[in-house]
>>> print(open('run08.cif').read())   # mmCIF, C-alpha atoms and all ligand atoms
data_upload
loop_
_atom_site.label_atom_id
_atom_site.label_comp_id
_atom_site.auth_asym_id
_atom_site.auth_seq_id
_atom_site.Cartn_x
_atom_site.Cartn_y
_atom_site.Cartn_z
CA MET A 787 35.11 -48.02 -6.06
CA ASP A 788 32.35 -46.52 -8.25
CA ILE A 789 33.39 -42.96 -8.86
CA ASP A 790 32.38 -42.77 -12.52
CA LEU A 791 29.86 -40.24 -11.36
CA LYS A 792 32.16 -37.29 -12.05
CA PHE A 793 32.90 -35.43 -8.86
CA ILE A 794 34.93 -32.26 -8.52
CA VAL A 795 36.78 -31.17 -5.39
CA THR A 796 37.07 -27.52 -4.42
CA THR A 797 37.05 -25.11 -1.46
CA SER A 798 34.82 -22.29 -0.31
CA ARG A 799 35.61 -18.92 -1.93
CA ARG A 800 37.38 -17.57 1.16
CA ALA A 801 39.31 -20.72 2.07
CA ASN A 802 42.79 -19.96 3.40
CA PRO A 803 45.94 -21.37 1.77
CA ALA A 804 46.17 -24.25 4.30
CA ILE A 805 42.64 -25.46 3.47
CA ARG A 806 43.36 -25.08 -0.26
CA ALA A 807 46.53 -27.18 0.08
CA GLN A 808 44.71 -29.89 2.10
CA THR A 809 41.89 -29.93 -0.45
CA LYS A 810 44.29 -30.35 -3.34
CA GLN A 811 45.90 -33.24 -1.47
CA LYS A 812 42.50 -34.91 -0.89
CA ALA A 813 41.61 -34.54 -4.58
CA THR A 814 44.86 -36.27 -5.50
CA THR A 815 44.24 -39.07 -2.97
CA TRP A 816 40.70 -39.61 -4.27
CA GLY A 817 41.81 -39.38 -7.92
CA LEU A 818 39.38 -36.53 -8.60
CA PRO A 819 39.88 -33.18 -10.35
CA TYR A 820 40.67 -30.17 -8.11
CA PHE A 821 39.16 -26.77 -8.94
CA GLU A 822 41.08 -23.72 -7.63
CA ARG A 823 38.18 -21.54 -6.57
CA ARG A 824 38.29 -17.76 -6.56
CA ASP A 825 34.98 -15.92 -7.11
CA ASP A 826 33.36 -18.76 -9.03
CA SER A 827 29.82 -19.77 -8.09
CA ILE A 828 29.18 -23.43 -7.28
CA LYS A 829 27.17 -23.63 -10.51
CA ASP A 830 30.28 -22.56 -12.44
CA VAL A 831 32.43 -25.07 -10.56
CA THR A 832 29.95 -27.91 -11.13
CA GLY A 833 29.82 -27.64 -14.93
CA ASP A 834 28.61 -31.02 -16.15
CA ALA A 835 29.82 -32.90 -13.05
CA LYS A 836 27.37 -34.77 -10.87
CA ALA A 837 28.44 -33.23 -7.58
CA VAL A 838 31.08 -31.10 -5.89
CA PHE A 839 32.97 -31.82 -2.66
CA ILE A 840 33.60 -28.49 -0.91
CA PHE A 841 36.08 -28.05 1.95
CA ASP A 842 35.81 -25.01 4.23
CA ASN A 843 36.64 -24.10 7.84
CA ASP A 844 33.82 -26.34 9.06
CA GLY A 845 34.96 -29.40 7.11
CA LEU A 846 33.55 -31.12 4.05
CA SER A 847 30.17 -30.79 2.33
CA LEU A 848 28.72 -32.33 -0.81
CA SER A 849 26.85 -30.05 -3.21
CA VAL A 850 24.30 -31.25 -5.78
CA ASN A 851 21.93 -28.93 -7.68
CA GLN A 852 22.49 -26.03 -5.24
CA SER A 853 21.68 -28.21 -2.19
CA ARG A 854 24.33 -29.16 0.34
CA LEU A 855 24.82 -32.19 2.55
CA ARG A 856 27.22 -31.71 5.44
CA PHE A 857 28.13 -33.99 8.35
CA SER A 858 26.15 -32.90 11.39
CA LEU A 859 24.98 -34.55 14.58
CA GLY A 860 21.39 -33.92 13.43
CA THR A 861 18.92 -36.14 15.27
CA ALA A 862 21.84 -37.74 17.15
CA ALA A 863 22.28 -34.43 19.00
CA LEU A 864 18.67 -34.58 20.27
CA ARG A 865 19.05 -38.23 21.25
CA LEU A 866 22.31 -37.56 23.10
CA LYS A 867 20.71 -34.58 24.88
CA SER A 868 17.77 -36.72 25.94
CA LEU A 869 20.15 -39.43 27.23
CA ALA A 870 22.08 -36.79 29.20
CA ARG A 871 18.79 -35.81 30.89
CA GLY A 872 18.23 -39.46 31.87
CA GLY A 873 16.00 -40.32 28.90
CA SER A 874 16.05 -43.57 26.97
CA ASP A 875 16.91 -44.41 23.38
CA THR A 876 15.30 -47.19 21.36
CA LEU A 877 18.57 -48.30 19.72
CA ILE A 878 20.28 -48.64 23.10
CA GLN A 879 17.29 -50.49 24.55
CA ALA A 880 16.82 -52.83 21.58
CA GLY A 881 20.52 -53.71 21.45
CA GLU A 882 20.85 -53.67 25.25
CA LEU A 883 24.00 -51.71 24.50
CA GLN A 884 26.47 -51.37 27.32
CA ALA A 885 29.96 -50.04 28.00
CA GLY A 886 32.68 -51.99 26.23
CA ASP A 887 30.43 -53.47 23.51
CA ARG A 888 31.56 -54.00 19.93
CA VAL A 889 28.91 -52.73 17.53
CA LEU A 890 28.69 -53.07 13.77
CA ASP A 891 26.48 -50.52 12.02
CA ALA A 892 25.99 -52.24 8.65
CA THR A 893 24.18 -49.25 7.11
CA LEU A 894 26.16 -46.22 8.32
CA GLY A 895 24.30 -43.52 6.33
CA LEU A 896 24.68 -40.17 8.10
CA GLY A 897 26.19 -41.90 11.13
CA ARG A 898 23.55 -40.88 13.68
CA ASP A 899 22.83 -44.36 15.04
CA ALA A 900 26.58 -45.03 15.08
CA LEU A 901 27.13 -41.91 17.18
CA VAL A 902 24.44 -42.89 19.68
CA ALA A 903 25.94 -46.40 19.84
CA ALA A 904 29.40 -44.87 20.39
CA HIS A 905 27.98 -42.91 23.32
CA ALA A 906 26.47 -46.08 24.82
CA VAL A 907 29.57 -48.27 24.49
CA GLY A 908 31.94 -45.55 25.72
CA SER A 909 35.67 -45.32 25.32
CA SER A 910 36.18 -49.01 26.12
CA GLY A 911 33.81 -50.03 23.33
CA HIS A 912 34.12 -50.06 19.58
CA VAL A 913 31.78 -49.01 16.77
CA LEU A 914 32.43 -49.91 13.16
CA GLY A 915 30.26 -48.28 10.47
CA VAL A 916 30.06 -49.84 7.01
CA GLU A 917 28.80 -47.78 4.06
CA SER A 918 28.69 -48.92 0.43
CA SER A 919 28.15 -45.52 -1.18
CA TRP A 920 31.54 -43.91 -1.79
CA PRO A 921 30.39 -40.24 -1.65
CA LEU A 922 28.47 -40.85 1.60
CA PHE A 923 31.31 -42.89 3.08
CA THR A 924 33.75 -40.08 2.22
CA LEU A 925 31.56 -37.29 3.59
CA ILE A 926 30.80 -39.07 6.86
CA SER A 927 34.35 -40.35 7.40
CA GLU A 928 35.71 -36.80 7.05
CA GLY A 929 32.99 -35.51 9.38
CA PHE A 930 33.71 -38.15 12.03
CA ALA A 931 37.45 -37.46 11.85
CA LYS A 932 36.84 -33.77 12.61
CA TYR A 933 34.15 -34.34 15.22
CA GLN A 934 35.85 -37.14 17.10
CA ALA A 935 39.14 -35.38 17.70
CA GLY A 936 39.26 -34.84 21.46
CA ASN A 937 35.97 -36.62 22.11
CA GLU A 938 35.85 -39.12 24.93
CA ARG A 939 33.28 -41.58 23.67
CA ALA A 940 34.23 -44.52 21.44
CA THR A 941 35.37 -43.51 18.02
CA VAL A 942 33.41 -44.69 15.01
CA GLN A 943 35.67 -46.44 12.56
CA THR A 944 34.33 -46.36 8.99
CA VAL A 945 34.66 -48.94 6.23
CA PHE A 946 33.78 -48.50 2.54
CA GLU A 947 32.23 -51.83 1.59
CA ASP A 948 28.97 -53.59 0.94
CA SER A 949 28.16 -54.79 4.45
CA ARG A 950 26.75 -58.08 3.14
CA ARG A 951 30.17 -58.83 1.74
CA TYR A 952 31.82 -57.54 4.94
CA LEU A 953 29.57 -59.64 7.20
CA ALA A 954 30.38 -62.75 5.17
CA THR A 955 34.10 -62.33 5.95
CA VAL A 956 33.97 -61.73 9.72
CA GLU A 957 34.21 -64.44 12.36
CA LYS A 958 31.00 -65.76 13.89
CA ALA A 959 29.89 -63.72 16.95
CA SER A 960 32.48 -60.99 16.38
CA PHE A 961 30.14 -58.12 17.38
CA ASP A 962 27.81 -57.80 20.36
CA VAL A 963 25.23 -55.98 18.25
CA VAL A 964 24.71 -55.52 14.51
CA ILE A 965 22.48 -52.66 13.28
CA LEU A 966 20.62 -52.84 9.95
CA ASP A 967 18.81 -49.68 8.81
CA PRO A 968 18.34 -49.82 5.02
CA MET A 969 16.72 -47.00 3.04
CA PHE A 970 12.94 -46.73 3.36
CA THR A 971 11.02 -48.67 0.74
CA VAL A 972 8.64 -45.71 0.34
CA PRO A 973 10.55 -42.39 0.34
CA LYS A 974 9.27 -39.81 2.83
CA ARG A 975 9.03 -36.08 2.13
CA SER A 976 12.37 -34.47 2.86
CA ASP A 977 14.58 -31.43 2.34
CA GLY A 978 17.34 -30.85 -0.24
CA SER A 979 20.14 -32.27 1.87
CA PHE A 980 18.23 -35.51 2.54
CA GLU A 981 17.61 -35.71 -1.22
CA ILE A 982 21.40 -35.89 -1.64
CA LEU A 983 21.54 -38.83 0.75
CA ARG A 984 18.76 -40.51 -1.19
CA GLU A 985 20.43 -39.81 -4.51
CA PHE A 986 23.72 -41.47 -3.57
CA ALA A 987 22.52 -44.11 -1.12
CA ASN A 988 22.44 -47.81 -1.81
CA HIS A 989 18.71 -48.65 -2.03
CA ILE A 990 19.04 -52.39 -1.69
CA SER A 991 16.21 -53.95 0.31
CA LEU A 992 16.60 -55.97 3.45
CA ASP A 993 16.39 -59.69 2.66
CA PRO A 994 16.65 -62.94 4.64
CA GLU A 995 20.25 -63.53 3.58
CA TRP A 996 21.41 -60.13 4.91
CA VAL A 997 19.68 -60.80 8.25
CA GLN A 998 21.22 -64.31 8.40
CA LEU A 999 24.71 -62.85 7.82
CA ALA A 1000 24.08 -60.31 10.59
CA ARG A 1001 22.76 -62.97 12.99
CA ARG A 1002 25.87 -65.04 12.38
CA ALA A 1003 28.11 -62.05 13.21
CA ALA A 1004 26.16 -60.97 16.33
CA LYS A 1005 26.58 -62.18 19.89
CA ARG A 1006 23.54 -60.48 21.49
CA TRP A 1007 21.15 -58.83 19.02
CA VAL A 1008 20.62 -57.81 15.42
CA VAL A 1009 18.62 -54.58 15.53
CA VAL A 1010 16.60 -53.71 12.43
CA LYS A 1011 14.95 -50.38 11.62
CA THR A 1012 12.44 -50.51 8.81
CA ASP A 1013 9.33 -48.86 7.39
CA LYS A 1014 8.01 -52.21 6.19
CA GLU A 1015 7.46 -55.48 8.02
CA GLU A 1016 8.07 -58.33 5.60
CA ARG A 1017 6.36 -61.71 5.73
CA TRP A 1018 9.71 -63.49 6.07
CA PHE A 1019 10.62 -61.59 9.30
CA GLN A 1020 9.09 -64.38 11.38
CA SER A 1021 11.19 -67.14 9.81
CA GLU A 1022 14.32 -65.04 10.44
CA LYS A 1023 13.31 -64.67 14.12
CA LEU A 1024 12.84 -60.90 13.82
CA GLU A 1025 10.49 -59.75 16.56
CA ARG A 1026 8.89 -56.34 16.80
CA PHE A 1027 10.55 -54.32 19.55
CA HIS A 1028 9.02 -50.87 19.14
CA ASN A 1029 6.49 -49.06 16.94
CA GLY A 1030 8.17 -45.78 16.18
CA GLY A 1031 5.59 -44.22 13.85
CA ARG A 1032 7.77 -43.41 10.83
CA VAL A 1033 10.03 -46.35 11.56
CA ASP A 1034 9.50 -49.69 13.27
CA TRP A 1035 12.15 -51.48 15.28
CA PHE A 1036 12.70 -55.25 15.19
CA ARG A 1037 15.39 -57.42 16.69
CA ALA A 1038 16.64 -60.97 16.26
CA ALA A 1039 18.80 -63.13 18.50
CA PRO A 1040 22.03 -64.53 17.04
CA SER A 1041 21.87 -67.75 15.05
CA SER A 1042 22.94 -70.81 17.00
C1 LIG A 1101 18.64 -45.12 6.12
S1 LIG A 1101 20.36 -44.87 5.88
C2 LIG A 1101 21.01 -45.26 7.46
C3 LIG A 1101 20.93 -44.11 8.40
C4 LIG A 1101 21.75 -44.35 9.65
N1 LIG A 1101 21.18 -45.42 10.46
C5 LIG A 1101 21.87 -43.08 10.48
O1 LIG A 1101 21.53 -43.11 11.68
O2 LIG A 1101 22.32 -42.05 9.94
C6 LIG A 1101 20.87 -46.29 4.96
C7 LIG A 1101 22.35 -46.21 4.55
O3 LIG A 1101 22.84 -47.54 4.37
C8 LIG A 1101 23.61 -47.60 3.20
N2 LIG A 1101 23.54 -48.99 2.71
C9 LIG A 1101 22.48 -49.62 2.15
N3 LIG A 1101 22.79 -50.90 1.85
C10 LIG A 1101 24.08 -51.08 2.26
C11 LIG A 1101 24.97 -52.20 2.24
N4 LIG A 1101 24.60 -53.37 1.72
N5 LIG A 1101 26.21 -52.04 2.74
C12 LIG A 1101 26.59 -50.86 3.27
N6 LIG A 1101 25.80 -49.76 3.31
C13 LIG A 1101 24.56 -49.87 2.82
C14 LIG A 1101 22.95 -46.61 2.26
O4 LIG A 1101 23.85 -46.20 1.24
C15 LIG A 1101 22.58 -45.50 3.24
O5 LIG A 1101 23.62 -44.57 3.38
#
>>> encode(input="run08.cif", output="structure tokens")
Amino acid sequence: MDIDLKFIVTTSRRANPAIRAQTKQKATTWGLPYFERRDDSIKDVTGDAKAVFIFDNDGLSLSVNQSRLRFSLGTAALRLKSLARGGSDTLIQAGELQAGDRVLDATLGLGRDALVAAHAVGSSGHVLGVESSWPLFTLISEGFAKYQAGNERATVQTVFEDSRRYLATVEKASFDVVILDPMFTVPKRSDGSFEILREFANHISLDPEWVQLARRAAKRWVVVKTDKEERWFQSEKLERFHNGGRVDWFRAAPSS
């Protein structure tokens, strides 16, 4: 686990004793320093650390340079609303996702695709999200744990690992669908909280080997979201499924 980055764990100023106790416990579990916050500003708490994990009544957020990243449904909320009104969703269409499916999201990020997949596969299905950035994995895992309590759709189980390594260890055809959505090759304009994602994310590019590992693990489709079509897509059987403007969707059938 790469946590040389110097993180500090604290609470909001007005956190009650229960939240303070839970936060202290988390800091111990993560092996990070705990800061007992009174009236201190986040700048004071940060000192020369890279980032601060802050627990409050709404859960966990990550603060860097006065910006905050917090788990939220974000674009997943709009997609779920549209599905509830009878609309369609490109991920569900490309993966032909259905109730009971097992889905591996190999690039969990903020968990929005994983949440939409969880909706599609329902409580009889299973969604596993793999994230190789420890701060992002931690933030999203805490967010899911809070959000999923009492929710009927499939839970998203999270794994801290490089998904290329993870895919290499799983049995052939162990997931119906594998999702690959690496970071954009050309960063788009974004707000402070997205900058935090970009700062901590793994920026490794999609390559033939990663797609081959995913095709070996998939039973139905490997769904790829990308801002750049590579020349090798054809040899890896990746076919364009949808032109989404900012992002293009491709999919490949499993390897035989
Ligand atoms: C563009 S984001 C994915 C967004 C996600 N699809 C969503 O809906 O929120 C890419 C994420 O994949 C992670 N990532 C990149 N390469 C990875 C790898 N080899 N294994 C696991 N996670 C990886 C990055 O750290 C980043 O959080």
>>> residues_around(input="run08.cif", residues="Thr809 in chain A", least_positions_apart="3", cutoff="8 Å", atoms="all atoms listed in the file", output="NGL selection string")
:A and (795-797 or 805-806 or 812-813 or 820 or 841)
>>> atom_distance(input="run08.cif", atom1="atom C2 of ligand LIG 1101 (chain A)", atom2="CA of Asn843 in chain A")
26.3 Å
>>> residues_near_ligand(input="run08.cif", ligand="ligand LIG 1101 (chain A)", cutoff="8 Å", atoms="all atoms listed in the file", output="PyMOL selection string")
chain A and resi 862+891-901+916-919+922-923+946-951+965-970+983-984+986-991
>>> atom_distance(input="run08.cif", atom1="CA of Lys974 in chain A", atom2="CA of Lys1014 in chain A")
12.9 Å
>>> closest_atom_pairs(input="run08.cif", of="range 847-883 of chain A", to="range 1024-1038 of chain A", cutoff="8 Å", atoms="all atoms listed in the file", output="JSON lines")
{"residue": "A:Thr876", "atom": "CA", "partner": "A:His1028", "partner_atom": "CA", "distance": 7.6}
{"residue": "A:Ala880", "atom": "CA", "partner": "A:Phe1027", "partner_atom": "CA", "distance": 6.8}
{"residue": "A:Gly881", "atom": "CA", "partner": "A:Arg1037", "partner_atom": "CA", "distance": 7.9}
>>> atom_distance(input="run08.cif", atom1="CA of Lys810 in chain A", atom2="CA of Arg824 in chain A")
14.3 Å
>>> decode(input="run08.cif", residues="range 930-1014 of chain A", atoms="C-alpha atoms", output="mmCIF file, in the first residue's frame")
data_model
loop_
_atom_site.group_PDB
_atom_site.id
_atom_site.type_symbol
_atom_site.label_atom_id
_atom_site.label_comp_id
_atom_site.auth_asym_id
_atom_site.auth_seq_id
_atom_site.Cartn_x
_atom_site.Cartn_y
_atom_site.Cartn_z
ATOM 1 C CA PHE A 930 -20.454 2.831 -0.517
ATOM 2 C CA ALA A 931 -20.665 1.365 2.991
ATOM 3 C CA LYS A 932 -22.778 4.332 4.134
ATOM 4 C CA TYR A 933 -24.886 4.560 0.987
ATOM 5 C CA GLN A 934 -25.582 0.872 0.581
ATOM 6 C CA ALA A 935 -26.907 0.249 4.057
ATOM 7 C CA GLY A 936 -30.582 -0.559 3.545
ATOM 8 C CA ASN A 937 -30.396 -0.343 -0.236
ATOM 9 C CA GLU A 938 -32.025 -3.092 -2.249
ATOM 10 C CA ARG A 939 -29.836 -3.200 -5.317
ATOM 11 C CA ALA A 940 -26.666 -5.316 -5.462
ATOM 12 C CA THR A 941 -23.945 -4.102 -3.200
ATOM 13 C CA VAL A 942 -20.659 -3.012 -4.718
ATOM 14 C CA GLN A 943 -17.785 -4.849 -3.116
ATOM 15 C CA THR A 944 -14.494 -2.946 -3.366
ATOM 16 C CA VAL A 945 -10.960 -4.279 -3.719
ATOM 17 C CA PHE A 946 -7.702 -2.316 -3.372
ATOM 18 C CA GLU A 947 -5.495 -3.759 -6.094
ATOM 19 C CA ASP A 948 -4.117 -3.127 -9.543
ATOM 20 C CA SER A 949 -6.859 -4.704 -11.639
ATOM 21 C CA ARG A 950 -4.336 -6.078 -14.142
ATOM 22 C CA ARG A 951 -2.860 -8.110 -11.329
ATOM 23 C CA TYR A 952 -6.354 -8.996 -10.060
ATOM 24 C CA LEU A 953 -7.557 -10.103 -13.510
ATOM 25 C CA ALA A 954 -4.509 -12.333 -13.899
ATOM 26 C CA THR A 955 -5.493 -14.284 -10.766
ATOM 27 C CA VAL A 956 -9.200 -14.913 -11.465
ATOM 28 C CA GLU A 957 -10.588 -17.972 -13.225
ATOM 29 C CA LYS A 958 -11.396 -17.708 -16.922
ATOM 30 C CA ALA A 959 -14.965 -16.460 -17.563
ATOM 31 C CA SER A 960 -15.578 -15.585 -13.902
ATOM 32 C CA PHE A 961 -17.545 -12.384 -14.672
ATOM 33 C CA ASP A 962 -20.342 -11.779 -17.156
ATOM 34 C CA VAL A 963 -19.028 -8.298 -17.914
ATOM 35 C CA VAL A 964 -15.744 -6.496 -17.247
ATOM 36 C CA ILE A 965 -15.659 -2.677 -17.401
ATOM 37 C CA LEU A 966 -12.471 -0.755 -18.265
ATOM 38 C CA ASP A 967 -12.587 3.045 -17.937
ATOM 39 C CA PRO A 968 -9.034 4.360 -17.510
ATOM 40 C CA MET A 969 -8.251 8.054 -16.996
ATOM 41 C CA PHE A 970 -8.546 10.240 -20.102
ATOM 42 C CA THR A 971 -5.321 10.592 -22.060
ATOM 43 C CA VAL A 972 -6.037 14.323 -22.477
ATOM 44 C CA PRO A 973 -7.369 15.855 -19.239
ATOM 45 C CA LYS A 974 -10.629 17.787 -19.608
ATOM 46 C CA ARG A 975 -11.426 21.033 -17.793
ATOM 47 C CA SER A 976 -12.819 20.227 -14.379
ATOM 48 C CA ASP A 977 -13.582 21.538 -10.902
ATOM 49 C CA GLY A 978 -11.511 21.278 -7.696
ATOM 50 C CA SER A 979 -12.983 17.983 -6.559
ATOM 51 C CA PHE A 980 -12.289 16.311 -9.919
ATOM 52 C CA GLU A 981 -8.724 17.657 -9.653
ATOM 53 C CA ILE A 982 -8.379 15.570 -6.478
ATOM 54 C CA LEU A 983 -9.450 12.466 -8.379
ATOM 55 C CA ARG A 984 -6.930 13.288 -11.085
ATOM 56 C CA GLU A 985 -4.185 13.947 -8.558
ATOM 57 C CA PHE A 986 -4.507 10.556 -6.852
ATOM 58 C CA ALA A 987 -5.708 8.402 -9.742
ATOM 59 C CA ASN A 988 -3.633 5.788 -11.488
ATOM 60 C CA HIS A 989 -3.001 7.245 -14.965
ATOM 61 C CA ILE A 990 -1.869 4.057 -16.622
ATOM 62 C CA SER A 991 -3.032 3.780 -20.239
ATOM 63 C CA LEU A 992 -5.146 1.030 -21.650
ATOM 64 C CA ASP A 993 -2.976 -1.503 -23.486
ATOM 65 C CA PRO A 994 -3.548 -4.786 -25.343
ATOM 66 C CA GLU A 995 -2.445 -6.887 -22.377
ATOM 67 C CA TRP A 996 -5.023 -5.302 -20.037
ATOM 68 C CA VAL A 997 -7.788 -5.901 -22.599
ATOM 69 C CA GLN A 998 -6.615 -9.517 -23.092
ATOM 70 C CA LEU A 999 -6.743 -10.114 -19.315
ATOM 71 C CA ALA A 1000 -10.264 -8.656 -19.233
ATOM 72 C CA ARG A 1001 -11.402 -10.744 -22.222
ATOM 73 C CA ARG A 1002 -10.134 -13.873 -20.502
ATOM 74 C CA ALA A 1003 -12.123 -13.032 -17.340
ATOM 75 C CA ALA A 1004 -15.356 -12.093 -19.170
ATOM 76 C CA LYS A 1005 -18.185 -14.361 -20.252
ATOM 77 C CA ARG A 1006 -20.225 -11.872 -22.325
ATOM 78 C CA TRP A 1007 -18.520 -8.511 -22.923
ATOM 79 C CA VAL A 1008 -15.583 -6.317 -22.014
ATOM 80 C CA VAL A 1009 -16.882 -2.742 -22.106
ATOM 81 C CA VAL A 1010 -14.296 0.002 -22.637
ATOM 82 C CA LYS A 1011 -14.800 3.746 -22.175
ATOM 83 C CA THR A 1012 -12.087 5.889 -23.673
ATOM 84 C CA ASP A 1013 -11.325 9.310 -25.122
ATOM 85 C CA LYS A 1014 -8.883 7.804 -27.604
#
